[in-house]
$ cat start_27.cif   # mmCIF, C-alpha atoms and all ligand atoms
data_run
#
loop_
_atom_site.label_atom_id
_atom_site.label_comp_id
_atom_site.auth_asym_id
_atom_site.auth_seq_id
_atom_site.Cartn_x
_atom_site.Cartn_y
_atom_site.Cartn_z
CA MET A 718 98.01 64.79 103.50
CA LYS A 719 100.17 61.65 103.30
CA LEU A 720 100.57 58.91 105.85
CA SER A 721 102.37 55.62 105.63
CA ILE A 722 100.59 53.13 103.39
CA PRO A 723 100.60 49.36 104.05
CA GLY A 724 102.71 47.63 101.48
CA ARG A 725 104.24 50.93 100.56
CA ALA A 726 106.05 51.50 103.83
CA GLY A 727 108.63 49.04 102.60
CA THR A 728 109.00 51.03 99.44
CA ALA A 729 109.18 54.24 101.39
CA ALA A 730 111.81 52.61 103.60
CA MET A 731 113.66 51.41 100.51
CA VAL A 732 113.56 54.91 99.09
CA THR A 733 114.87 56.21 102.39
CA ALA A 734 117.52 53.47 102.47
CA VAL A 735 118.76 54.35 99.03
CA THR A 736 118.73 58.02 99.85
CA LEU A 737 120.68 57.41 103.02
CA LEU A 738 122.98 54.94 101.26
CA THR A 739 123.86 57.52 98.65
CA THR A 740 124.59 59.97 101.43
CA GLY A 741 126.62 57.27 103.24
CA ALA A 742 124.49 57.73 106.32
CA ILE A 743 123.78 54.02 106.77
CA THR A 744 125.40 50.75 105.74
CA GLY A 745 123.63 47.54 104.72
CA ALA A 746 122.47 45.76 101.59
CA ALA A 747 120.91 47.96 98.93
CA PRO A 748 117.28 47.02 98.18
CA ALA A 749 117.12 43.98 95.92
CA SER A 750 114.17 45.10 93.80
CA PRO A 751 113.95 48.24 91.64
CA LEU A 752 112.34 51.04 93.53
CA ALA A 753 108.77 52.06 92.84
CA VAL A 754 108.39 55.81 92.99
CA ALA A 755 106.08 56.74 95.83
CA ALA A 756 103.17 58.97 94.82
CA PRO A 757 103.48 62.57 95.92
CA ASP A 758 100.83 64.29 98.00
CA LEU A 759 98.20 65.88 95.77
CA LEU A 760 97.93 69.47 97.01
CA VAL A 761 94.26 69.98 97.88
CA ALA A 762 94.78 73.75 97.79
CA ASN A 763 95.65 73.40 94.10
CA VAL A 764 92.59 71.22 93.50
CA LYS A 765 90.41 73.86 95.17
CA ALA A 766 92.02 76.55 93.04
CA HIS A 767 90.91 74.65 89.93
CA LEU A 768 87.41 74.43 91.43
CA ALA A 769 87.40 78.20 91.98
CA GLN A 770 88.28 78.66 88.31
CA LEU A 771 85.50 76.31 87.21
CA GLN A 772 83.05 78.22 89.44
CA ALA A 773 84.15 81.52 87.90
CA ILE A 774 83.73 80.02 84.43
CA ALA A 775 80.17 78.92 85.24
CA THR A 776 79.32 82.30 86.73
CA ALA A 777 80.62 84.04 83.60
CA ASN A 778 78.74 81.68 81.26
CA GLY A 779 75.11 81.62 82.29
CA GLY A 780 75.64 79.72 85.53
CA ASN A 781 76.59 76.32 84.16
CA ARG A 782 79.26 74.27 82.34
CA ALA A 783 76.84 72.01 80.50
CA HIS A 784 77.31 70.19 77.20
CA GLY A 785 76.95 72.48 74.20
CA ARG A 786 77.08 75.67 76.27
CA THR A 787 79.90 78.20 76.41
CA GLY A 788 80.75 77.27 79.99
CA TYR A 789 81.75 73.74 78.96
CA LYS A 790 84.19 74.80 76.25
CA ALA A 791 85.64 77.45 78.58
CA SER A 792 86.23 74.71 81.19
CA LEU A 793 88.02 72.60 78.59
CA ASP A 794 90.12 75.53 77.41
CA TYR A 795 91.19 76.19 81.03
CA ALA A 796 92.37 72.62 81.55
CA LYS A 797 94.00 72.37 78.13
CA ALA A 798 96.05 75.53 78.65
CA LYS A 799 97.43 74.15 81.92
CA LEU A 800 98.26 70.79 80.36
CA ASP A 801 99.90 72.27 77.26
CA ALA A 802 102.07 74.46 79.47
CA ALA A 803 103.02 71.40 81.54
CA GLY A 804 104.32 69.45 78.54
CA PHE A 805 101.42 67.13 77.81
CA THR A 806 100.40 66.14 74.27
CA THR A 807 96.76 67.21 74.20
CA THR A 808 94.01 66.25 71.79
CA VAL A 809 90.51 67.75 71.59
CA GLN A 810 88.00 65.27 70.24
CA GLN A 811 84.79 66.77 68.80
CA PHE A 812 81.39 65.09 68.60
CA THR A 813 77.73 66.07 68.26
CA SER A 814 74.95 65.22 70.70
CA GLY A 815 71.47 66.66 70.89
CA GLY A 816 72.29 68.97 67.99
CA ARG A 817 75.11 70.61 69.95
CA THR A 818 78.87 70.23 69.59
CA GLY A 819 80.65 68.39 72.39
CA TYR A 820 84.32 67.92 73.18
CA ASN A 821 86.60 65.46 74.96
CA LEU A 822 90.06 66.53 76.17
CA ILE A 823 92.77 63.85 76.12
CA ALA A 824 96.24 64.48 77.55
CA ASP A 825 99.12 62.06 76.99
CA TRP A 826 102.26 62.26 79.14
CA PRO A 827 105.16 61.60 76.75
CA GLY A 828 107.04 58.36 77.51
CA GLY A 829 106.23 55.02 79.01
CA ASP A 830 105.24 51.84 77.22
CA THR A 831 102.45 52.80 74.83
CA ASN A 832 101.38 49.18 74.73
CA GLN A 833 100.38 49.54 78.39
CA VAL A 834 98.28 52.68 78.88
CA VAL A 835 96.98 53.67 82.31
CA MET A 836 94.09 56.16 82.04
CA ALA A 837 92.50 58.41 84.61
CA GLY A 838 89.40 60.40 83.67
CA SER A 839 86.39 62.38 84.77
CA HIS A 840 83.48 64.11 83.15
CA LEU A 841 83.96 67.85 82.82
CA ASP A 842 80.38 68.78 82.02
CA SER A 843 77.74 69.90 84.50
CA VAL A 844 73.98 69.79 84.27
CA THR A 845 72.31 72.95 83.01
CA ALA A 846 70.95 73.69 86.52
CA GLY A 847 74.25 74.79 87.98
CA ALA A 848 78.04 75.01 88.09
CA GLY A 849 78.55 71.28 88.81
CA ILE A 850 81.41 71.80 91.27
CA ASN A 851 81.06 68.46 93.04
CA ASP A 852 79.46 66.81 90.02
CA ASN A 853 81.91 66.81 88.51
CA GLY A 854 84.31 69.65 89.01
CA SER A 855 85.72 67.65 91.94
CA GLY A 856 86.80 64.71 89.78
CA SER A 857 87.96 66.94 86.92
CA ALA A 858 90.05 69.18 89.18
CA ALA A 859 91.67 66.23 90.96
CA VAL A 860 92.53 64.49 87.68
CA LEU A 861 93.94 67.78 86.36
CA GLU A 862 96.06 68.29 89.48
CA ALA A 863 97.30 64.69 89.29
CA ALA A 864 98.41 65.28 85.69
CA LEU A 865 100.11 68.56 86.61
CA THR A 866 101.83 66.78 89.52
CA VAL A 867 103.20 64.16 87.09
CA SER A 868 104.75 67.05 85.18
CA ARG A 869 105.91 68.97 88.25
CA THR A 870 107.70 65.88 89.61
CA GLN A 871 108.85 64.79 86.13
CA TYR A 872 107.51 61.31 86.90
CA GLN A 873 108.75 58.77 84.34
CA PRO A 874 106.38 55.79 84.66
CA THR A 875 107.02 52.38 83.15
CA LYS A 876 103.58 52.44 81.57
CA HIS A 877 102.17 55.27 79.46
CA LEU A 878 99.92 57.76 81.26
CA ARG A 879 96.83 59.27 79.63
CA PHE A 880 94.36 61.63 81.30
CA ALA A 881 90.89 62.49 80.00
CA TRP A 882 88.07 64.92 80.57
CA TRP A 883 84.78 63.80 79.05
CA GLY A 884 81.95 65.83 77.50
CA ALA A 885 78.24 65.12 77.72
CA GLU A 886 78.38 62.54 80.49
CA GLU A 887 75.16 64.00 81.87
CA LEU A 888 73.43 63.11 78.59
CA GLY A 889 74.41 59.45 79.03
CA MET A 890 78.22 59.08 78.93
CA VAL A 891 78.17 60.37 75.36
CA GLY A 892 81.76 61.66 75.22
CA SER A 893 83.45 58.70 76.84
CA ARG A 894 81.46 56.29 74.69
CA TYR A 895 82.46 58.28 71.60
CA TYR A 896 86.11 57.97 72.66
CA VAL A 897 85.99 54.21 73.28
CA ASN A 898 84.10 53.60 70.05
CA SER A 899 86.70 55.66 68.15
CA LEU A 900 89.53 53.36 69.31
CA THR A 901 90.68 50.50 67.12
CA THR A 902 90.48 47.07 68.71
CA ALA A 903 94.26 47.11 68.96
CA ASN A 904 94.31 50.45 70.78
CA ARG A 905 91.58 49.38 73.18
CA ALA A 906 93.69 46.33 74.06
CA LYS A 907 96.58 48.64 75.01
CA ILE A 908 94.58 50.27 77.82
CA SER A 909 95.54 48.29 80.91
CA GLY A 910 93.13 50.18 83.13
CA TYR A 911 90.74 53.13 83.28
CA LEU A 912 90.23 54.97 86.60
CA ASN A 913 87.07 57.06 86.91
CA PHE A 914 86.49 59.96 89.30
CA ASP A 915 82.93 61.29 89.37
CA MET A 916 81.89 63.16 92.55
CA ILE A 917 84.78 62.84 95.03
CA GLY A 918 84.18 65.85 97.28
CA SER A 919 80.59 65.42 98.47
CA PRO A 920 79.68 67.68 101.41
CA ASN A 921 78.37 64.78 103.57
CA PRO A 922 80.88 62.30 102.22
CA GLY A 923 81.07 58.56 102.01
CA TYR A 924 84.14 56.68 100.84
CA PHE A 925 83.10 54.28 98.08
CA VAL A 926 85.40 52.21 95.88
CA TYR A 927 84.22 50.72 92.59
CA ASP A 928 84.22 46.91 92.72
CA ASP A 929 84.81 46.23 89.05
CA ASP A 930 88.46 45.20 88.50
CA PRO A 931 89.86 43.51 91.64
CA THR A 932 93.43 44.79 91.20
CA ILE A 933 92.31 48.39 90.85
CA GLU A 934 89.83 47.98 93.71
CA LYS A 935 92.57 46.57 95.98
CA THR A 936 94.89 49.41 95.06
CA PHE A 937 92.39 51.98 96.25
CA GLN A 938 91.51 49.94 99.34
CA ASN A 939 95.21 49.69 100.28
CA TYR A 940 95.46 53.46 100.20
CA PHE A 941 92.46 54.01 102.45
CA THR A 942 93.56 51.26 104.84
CA GLY A 943 96.86 53.13 105.13
CA ILE A 944 95.11 56.27 106.30
CA GLY A 945 92.70 54.40 108.56
CA ILE A 946 89.53 55.03 106.55
CA ALA A 947 87.07 52.19 106.03
CA THR A 948 85.57 52.06 102.55
CA GLU A 949 82.44 50.55 101.08
CA ILE A 950 81.81 49.04 97.70
CA GLU A 951 80.23 51.52 95.29
CA THR A 952 76.83 50.10 94.25
CA GLU A 953 74.83 53.19 93.28
CA GLY A 954 76.62 54.01 90.07
CA ASP A 955 77.03 50.80 88.10
CA GLY A 956 76.77 51.90 84.50
CA ARG A 957 76.06 55.48 85.49
CA SER A 958 79.38 57.12 84.68
CA ASP A 959 82.25 57.16 82.21
CA HIS A 960 83.81 53.89 83.31
CA ALA A 961 80.83 52.05 81.75
CA PRO A 962 81.90 52.34 78.06
CA PHE A 963 85.40 51.15 79.02
CA LYS A 964 84.03 48.21 81.02
CA ASN A 965 81.68 47.29 78.20
CA ALA A 966 84.73 47.16 75.90
CA GLY A 967 86.46 44.70 78.24
CA ILE A 968 88.90 47.22 79.73
CA PRO A 969 89.65 46.90 83.49
CA VAL A 970 88.03 49.79 85.36
CA GLY A 971 87.86 51.22 88.84
CA GLY A 972 87.25 54.46 90.61
CA LEU A 973 86.15 56.43 93.64
CA PHE A 974 82.87 58.07 94.66
CA SER A 975 81.83 60.15 97.68
CA GLY A 976 78.05 59.90 97.22
CA ALA A 977 75.16 61.67 95.54
CA ASP A 978 71.46 61.75 96.44
CA TYR A 979 71.38 58.54 98.47
CA ILE A 980 70.97 58.97 102.24
CA LYS A 981 73.83 58.42 104.71
CA THR A 982 72.90 55.79 107.32
CA ALA A 983 73.61 56.00 111.04
CA ALA A 984 76.25 53.26 110.67
CA GLN A 985 77.96 55.22 107.88
CA ALA A 986 77.88 58.42 109.92
CA ALA A 987 79.43 56.51 112.84
CA LYS A 988 82.44 55.45 110.74
CA TRP A 989 82.79 58.44 108.43
CA GLY A 990 81.35 61.33 110.38
CA GLY A 991 78.85 63.69 108.83
CA THR A 992 75.07 63.60 109.17
CA SER A 993 72.93 60.48 109.07
CA GLY A 994 69.51 60.74 107.47
CA ARG A 995 70.78 63.32 104.96
CA ALA A 996 72.00 62.88 101.39
CA PHE A 997 75.71 62.54 100.73
CA ASP A 998 75.23 65.50 98.35
CA ALA A 999 71.93 67.35 98.84
CA CYS A 1000 72.87 69.70 95.98
CA TYR A 1001 73.21 66.90 93.43
CA HIS A 1002 72.18 68.26 90.01
CA SER A 1003 71.07 71.51 91.64
CA SER A 1004 72.03 75.17 91.44
CA CYS A 1005 73.60 74.89 94.90
CA ASP A 1006 76.36 72.59 93.60
CA THR A 1007 78.90 75.42 93.96
CA THR A 1008 82.32 75.73 95.58
CA SER A 1009 80.51 75.77 98.95
CA ASN A 1010 79.25 72.26 98.19
CA ILE A 1011 82.61 70.55 98.79
CA ASN A 1012 84.04 68.71 101.80
CA ASP A 1013 87.75 69.52 101.76
CA THR A 1014 88.74 66.41 103.70
CA ALA A 1015 87.00 64.10 101.24
CA LEU A 1016 88.50 66.00 98.30
CA ASP A 1017 91.96 65.75 99.90
CA ARG A 1018 91.73 62.04 100.71
CA ASN A 1019 90.25 61.05 97.36
CA GLY A 1020 92.77 63.20 95.50
CA ASP A 1021 95.64 61.52 97.33
CA ALA A 1022 94.09 58.10 96.64
CA LEU A 1023 93.87 59.07 92.95
CA ALA A 1024 97.55 59.95 92.88
CA TYR A 1025 98.50 56.80 94.79
CA ALA A 1026 96.63 54.59 92.30
CA VAL A 1027 98.01 56.36 89.22
CA TRP A 1028 101.59 56.01 90.46
CA GLU A 1029 101.07 52.45 91.73
CA LEU A 1030 99.41 51.14 88.56
CA SER A 1031 101.82 52.85 86.14
CA SER A 1032 105.13 52.12 87.88
N1 LIG B 1101 77.84 61.49 89.09
C1 LIG B 1101 76.50 61.21 88.65
C2 LIG B 1101 76.28 59.77 88.26
C3 LIG B 1101 76.38 58.89 89.44
C4 LIG B 1101 75.40 58.69 90.35
N2 LIG B 1101 75.83 57.77 91.27
C5 LIG B 1101 77.09 57.41 90.94
C6 LIG B 1101 77.97 56.51 91.54
C7 LIG B 1101 79.23 56.34 90.98
C8 LIG B 1101 79.60 57.04 89.84
C9 LIG B 1101 78.71 57.95 89.23
C10 LIG B 1101 77.46 58.10 89.80
C11 LIG B 1101 76.21 62.05 87.46
O1 LIG B 1101 77.12 62.38 86.69
O2 LIG B 1101 75.02 62.41 87.30
ZN ZN B 1102 75.52 64.43 87.22
ZN ZN B 1103 78.87 63.00 87.59
#

$ encode --input "start_27.cif" --output "structure tokens"
Amino acid sequence: MKLSIPGRAGTAAMVTAVTLLTTGAITGAAPASPLAVAAPDLLVANVKAHLAQLQAIATANGGNRAHGRTGYKASLDYAKAKLDAAGFTTTVQQFTSGGRTGYNLIADWPGGDTNQVVMAGSHLDSVTAGAGINDNGSGSAAVLEAALTVSRTQYQPTKHLRFAWWGAEELGMVGSRYYVNSLTTANRAKISGYLNFDMIGSPNPGYFVYDDDPTIEKTFQNYFTGIGIATEIETEGDGRSDHAPFKNAGIPVGGLFSGADYIKTAAQAAKWGGTSGRAFDACYHSSCDTTSNINDTALDRNGDALAYAVWELSS
């Protein structure tokens, strides 16, 4: 779902103006500044289709997609096949943790200034207890759909776009830390921002924005202001997800979160709906974290916010 976004309406109007100008439908000065390309709507039906695939993978592989188990590698193979077919340059990074082999999936969109890399990522692994559809199929599916939408729209950003799916986050951000540590100092300096998406479809959702880098934080807040949703600063997860290794390396980070085992207050229920006195995700790290453990509205809104930020920060 897309609505007008403050600060972007002008861009949208400019895009309209140029469109109309080229059709001769209106007269008047052409926009002075180069046009930013407005982010497309991320199709939540496509995101849910990815979640259905991840659920099927877990079901076919012992009920989980955990590090070192067959369900994790099958999840990575699913995403990689889609990205290869869409024209991305993919890399599978292998590491060992707890005596088991782990993998990161990195997908570069050809083009853009490789001295300014905008990254969006999510952990692809689940806990061993279940399929991990909200934690973190939701983030992984939305990042995958954003990447596929870049390809589908043939978006040509000014900056270089890189997408990532991390292994072994549940063991302590092992995969993302392995990736950051594998970068040279020069290559770390080229990453202008890392956006993290870990649990963005919680069944009793909150709308939390990471308060690490102010520019990234404001970008997300602008999106939610544009759709009339109040956000809160994310305080539960400092250091608890894959943005932490990037932040520790001095790279600007941000992200979105819809809540885990903390309890929704009455004030939060009043502004966001849902049920006060209950966890944002009562199936956190449990076998009930399946495709029925997703709030479609939260997944839709956070997916669109993801796309908005990727387009905005890379244009
Ligand atoms: N997604 C959880 C880690 C986690 C718990 N709270 C937050 C807040 C923000 C980001 C991540 C988290 C996990 O992977 O277990
Ligand atoms: Zn988890
Ligand atoms: Zn997680």

$ residues_near_ligand --input "start_27.cif" --ligand "ligand LIG 1101 (chain B)" --cutoff "8 Å" --atoms "all atoms listed in the file" --output "list in words"
His840, Ser843, Asp852, Asn853, Glu886, Glu887, Phe914, Asp915, Met916, Tyr927, Glu951, Thr952, Glu953, Gly954, Asp955, Gly956, Arg957, Ser958, Asp959, Leu973, Phe974, Gly976, Ala977, Asp978, Tyr1001 and His1002 of chain A

$ write_last_selection --input "start_27.cif" --atoms "C-alpha atoms" --output "compact mmCIF listing (two decimals), keeping the file's coordinate frame"
# COMPACT_ATOMS: atom_id res chain seq x y z
CA HIS A 840 83.48 64.11 83.15
CA SER A 843 77.74 69.90 84.50
CA ASP A 852 79.46 66.81 90.02
CA ASN A 853 81.91 66.81 88.51
CA GLU A 886 78.38 62.54 80.49
CA GLU A 887 75.16 64.00 81.87
CA PHE A 914 86.49 59.96 89.30
CA ASP A 915 82.93 61.29 89.37
CA MET A 916 81.89 63.16 92.55
CA TYR A 927 84.22 50.72 92.59
CA GLU A 951 80.23 51.52 95.29
CA THR A 952 76.83 50.10 94.25
CA GLU A 953 74.83 53.19 93.28
CA GLY A 954 76.62 54.01 90.07
CA ASP A 955 77.03 50.80 88.10
CA GLY A 956 76.77 51.90 84.50
CA ARG A 957 76.06 55.48 85.49
CA SER A 958 79.38 57.12 84.68
CA ASP A 959 82.25 57.16 82.21
CA LEU A 973 86.15 56.43 93.64
CA PHE A 974 82.87 58.07 94.66
CA GLY A 976 78.05 59.90 97.22
CA ALA A 977 75.16 61.67 95.54
CA ASP A 978 71.46 61.75 96.44
CA TYR A 1001 73.21 66.90 93.43
CA HIS A 1002 72.18 68.26 90.01

$ residues_around --input "start_27.cif" --residues "Asn778 in chain A" --least-positions-apart "4" --cutoff "9 Å" --atoms "only C-alpha atoms" --output "MDAnalysis selection string"
chainID A and resid 773:774 782 786:789 791

$ write_last_selection --input "start_27.cif" --atoms "C-alpha atoms" --output "short mmCIF file (atom, residue, chain, number, x, y, z; two decimals), keeping the file's coordinate frame"
data_model
loop_
_atom_site.label_atom_id
_atom_site.label_comp_id
_atom_site.auth_asym_id
_atom_site.auth_seq_id
_atom_site.Cartn_x
_atom_site.Cartn_y
_atom_site.Cartn_z
CA ALA A 773 84.15 81.52 87.90
CA ILE A 774 83.73 80.02 84.43
CA ARG A 782 79.26 74.27 82.34
CA ARG A 786 77.08 75.67 76.27
CA THR A 787 79.90 78.20 76.41
CA GLY A 788 80.75 77.27 79.99
CA TYR A 789 81.75 73.74 78.96
CA ALA A 791 85.64 77.45 78.58
#

$ closest_atom_pairs --input "start_27.cif" --of "range 866-927 of chain A" --to "range 1016-1023 of chain A" --cutoff "12 Å" --atoms "only C-alpha atoms" --output "CSV"
residue,atom,partner,partner_atom,distance
A:Thr866,CA,A:Asp1021,CA,11.3
A:Phe880,CA,A:Leu1023,CA,11.9
A:Tyr911,CA,A:Leu1023,CA,11.8
A:Leu912,CA,A:Leu1023,CA,8.4
A:Asn913,CA,A:Leu1023,CA,9.3
A:Phe914,CA,A:Leu1023,CA,8.3
A:Asp915,CA,A:Asn1019,CA,10.8
A:Met916,CA,A:Leu1016,CA,9.2
A:Ile917,CA,A:Leu1016,CA,5.9
A:Gly918,CA,A:Leu1016,CA,4.4
A:Ser919,CA,A:Leu1016,CA,7.9
A:Pro920,CA,A:Leu1016,CA,9.5
A:Asn921,CA,A:Leu1016,CA,11.5
A:Pro922,CA,A:Leu1016,CA,9.3
A:Gly923,CA,A:Asn1019,CA,10.6
A:Tyr924,CA,A:Asn1019,CA,8.3
A:Phe925,CA,A:Asn1019,CA,9.9
A:Val926,CA,A:Asn1019,CA,10.2

$ closest_residue --input "start_27.cif" --among "A:Thr806, A:Trp883, A:Ser855, A:Pro827" --to "Thr1007 in chain A" --atoms "only C-alpha atoms"
A:Ser855

$ closest_residue --input "start_27.cif" --among "A:Gly856, A:Gly990, A:Pro969, A:Gly819" --to "ligand ZN 1102 (chain B)" --atoms "all atoms listed in the file"
A:Gly856

$ build_atoms --input "start_27.cif" --residues "range 864-885 of chain A" --atoms "N, CA and C atoms" --output "PDB file, in the coordinates of the input"
ATOM      1  N   ALA A 864      97.618  65.146  86.916  1.00  0.00           N
ATOM      2  CA  ALA A 864      98.410  65.280  85.690  1.00  0.00           C
ATOM      3  C   ALA A 864      99.490  66.345  85.860  1.00  0.00           C
ATOM      4  N   LEU A 865      99.123  67.480  86.428  1.00  0.00           N
ATOM      5  CA  LEU A 865     100.110  68.560  86.610  1.00  0.00           C
ATOM      6  C   LEU A 865     101.203  68.139  87.598  1.00  0.00           C
ATOM      7  N   THR A 866     100.843  67.273  88.552  1.00  0.00           N
ATOM      8  CA  THR A 866     101.830  66.780  89.520  1.00  0.00           C
ATOM      9  C   THR A 866     102.800  65.808  88.852  1.00  0.00           C
ATOM     10  N   VAL A 867     102.305  65.014  87.891  1.00  0.00           N
ATOM     11  CA  VAL A 867     103.200  64.160  87.090  1.00  0.00           C
ATOM     12  C   VAL A 867     104.256  65.025  86.429  1.00  0.00           C
ATOM     13  N   SER A 868     103.826  66.140  85.854  1.00  0.00           N
ATOM     14  CA  SER A 868     104.750  67.050  85.180  1.00  0.00           C
ATOM     15  C   SER A 868     105.696  67.726  86.171  1.00  0.00           C
ATOM     16  N   ARG A 869     105.121  68.223  87.255  1.00  0.00           N
ATOM     17  CA  ARG A 869     105.910  68.970  88.250  1.00  0.00           C
ATOM     18  C   ARG A 869     107.013  68.097  88.842  1.00  0.00           C
ATOM     19  N   THR A 870     106.713  66.807  89.024  1.00  0.00           N
ATOM     20  CA  THR A 870     107.700  65.880  89.610  1.00  0.00           C
ATOM     21  C   THR A 870     108.521  65.163  88.535  1.00  0.00           C
ATOM     22  N   GLN A 871     108.163  65.452  87.253  1.00  0.00           N
ATOM     23  CA  GLN A 871     108.850  64.790  86.130  1.00  0.00           C
ATOM     24  C   GLN A 871     108.843  63.271  86.309  1.00  0.00           C
ATOM     25  N   TYR A 872     107.674  62.743  86.701  1.00  0.00           N
ATOM     26  CA  TYR A 872     107.510  61.310  86.900  1.00  0.00           C
ATOM     27  C   TYR A 872     107.700  60.583  85.568  1.00  0.00           C
ATOM     28  N   GLN A 873     108.516  59.561  85.556  1.00  0.00           N
ATOM     29  CA  GLN A 873     108.750  58.770  84.340  1.00  0.00           C
ATOM     30  C   GLN A 873     108.236  57.347  84.578  1.00  0.00           C
ATOM     31  N   PRO A 874     106.967  57.099  84.359  1.00  0.00           N
ATOM     32  CA  PRO A 874     106.380  55.790  84.660  1.00  0.00           C
ATOM     33  C   PRO A 874     106.805  54.727  83.659  1.00  0.00           C
ATOM     34  N   THR A 875     106.745  53.494  84.072  1.00  0.00           N
ATOM     35  CA  THR A 875     107.020  52.380  83.150  1.00  0.00           C
ATOM     36  C   THR A 875     105.942  52.323  82.071  1.00  0.00           C
ATOM     37  N   LYS A 876     104.673  52.457  82.533  1.00  0.00           N
ATOM     38  CA  LYS A 876     103.580  52.440  81.570  1.00  0.00           C
ATOM     39  C   LYS A 876     103.308  53.860  81.084  1.00  0.00           C
ATOM     40  N   HIS A 877     102.501  53.959  80.025  1.00  0.00           N
ATOM     41  CA  HIS A 877     102.170  55.270  79.460  1.00  0.00           C
ATOM     42  C   HIS A 877     100.954  55.835  80.199  1.00  0.00           C
ATOM     43  N   LEU A 878     101.020  57.110  80.546  1.00  0.00           N
ATOM     44  CA  LEU A 878      99.920  57.760  81.260  1.00  0.00           C
ATOM     45  C   LEU A 878      99.089  58.624  80.325  1.00  0.00           C
ATOM     46  N   ARG A 879      97.752  58.467  80.430  1.00  0.00           N
ATOM     47  CA  ARG A 879      96.830  59.270  79.630  1.00  0.00           C
ATOM     48  C   ARG A 879      95.710  59.749  80.563  1.00  0.00           C
ATOM     49  N   PHE A 880      95.410  61.031  80.482  1.00  0.00           N
ATOM     50  CA  PHE A 880      94.360  61.630  81.300  1.00  0.00           C
ATOM     51  C   PHE A 880      93.247  62.126  80.384  1.00  0.00           C
ATOM     52  N   ALA A 881      92.006  62.124  80.871  1.00  0.00           N
ATOM     53  CA  ALA A 881      90.890  62.490  80.000  1.00  0.00           C
ATOM     54  C   ALA A 881      89.797  63.214  80.763  1.00  0.00           C
ATOM     55  N   TRP A 882      89.208  64.182  80.068  1.00  0.00           N
ATOM     56  CA  TRP A 882      88.070  64.920  80.570  1.00  0.00           C
ATOM     57  C   TRP A 882      86.954  64.800  79.534  1.00  0.00           C
ATOM     58  N   TRP A 883      85.818  64.212  79.983  1.00  0.00           N
ATOM     59  CA  TRP A 883      84.780  63.800  79.050  1.00  0.00           C
ATOM     60  C   TRP A 883      83.691  64.845  78.930  1.00  0.00           C
ATOM     61  N   GLY A 884      83.113  64.988  77.732  1.00  0.00           N
ATOM     62  CA  GLY A 884      81.950  65.830  77.500  1.00  0.00           C
ATOM     63  C   GLY A 884      80.688  65.004  77.549  1.00  0.00           C
ATOM     64  N   ALA A 885      79.588  65.676  77.852  1.00  0.00           N
ATOM     65  CA  ALA A 885      78.240  65.120  77.720  1.00  0.00           C
ATOM     66  C   ALA A 885      78.025  63.836  78.500  1.00  0.00           C
TER      67      ALA A 885
END
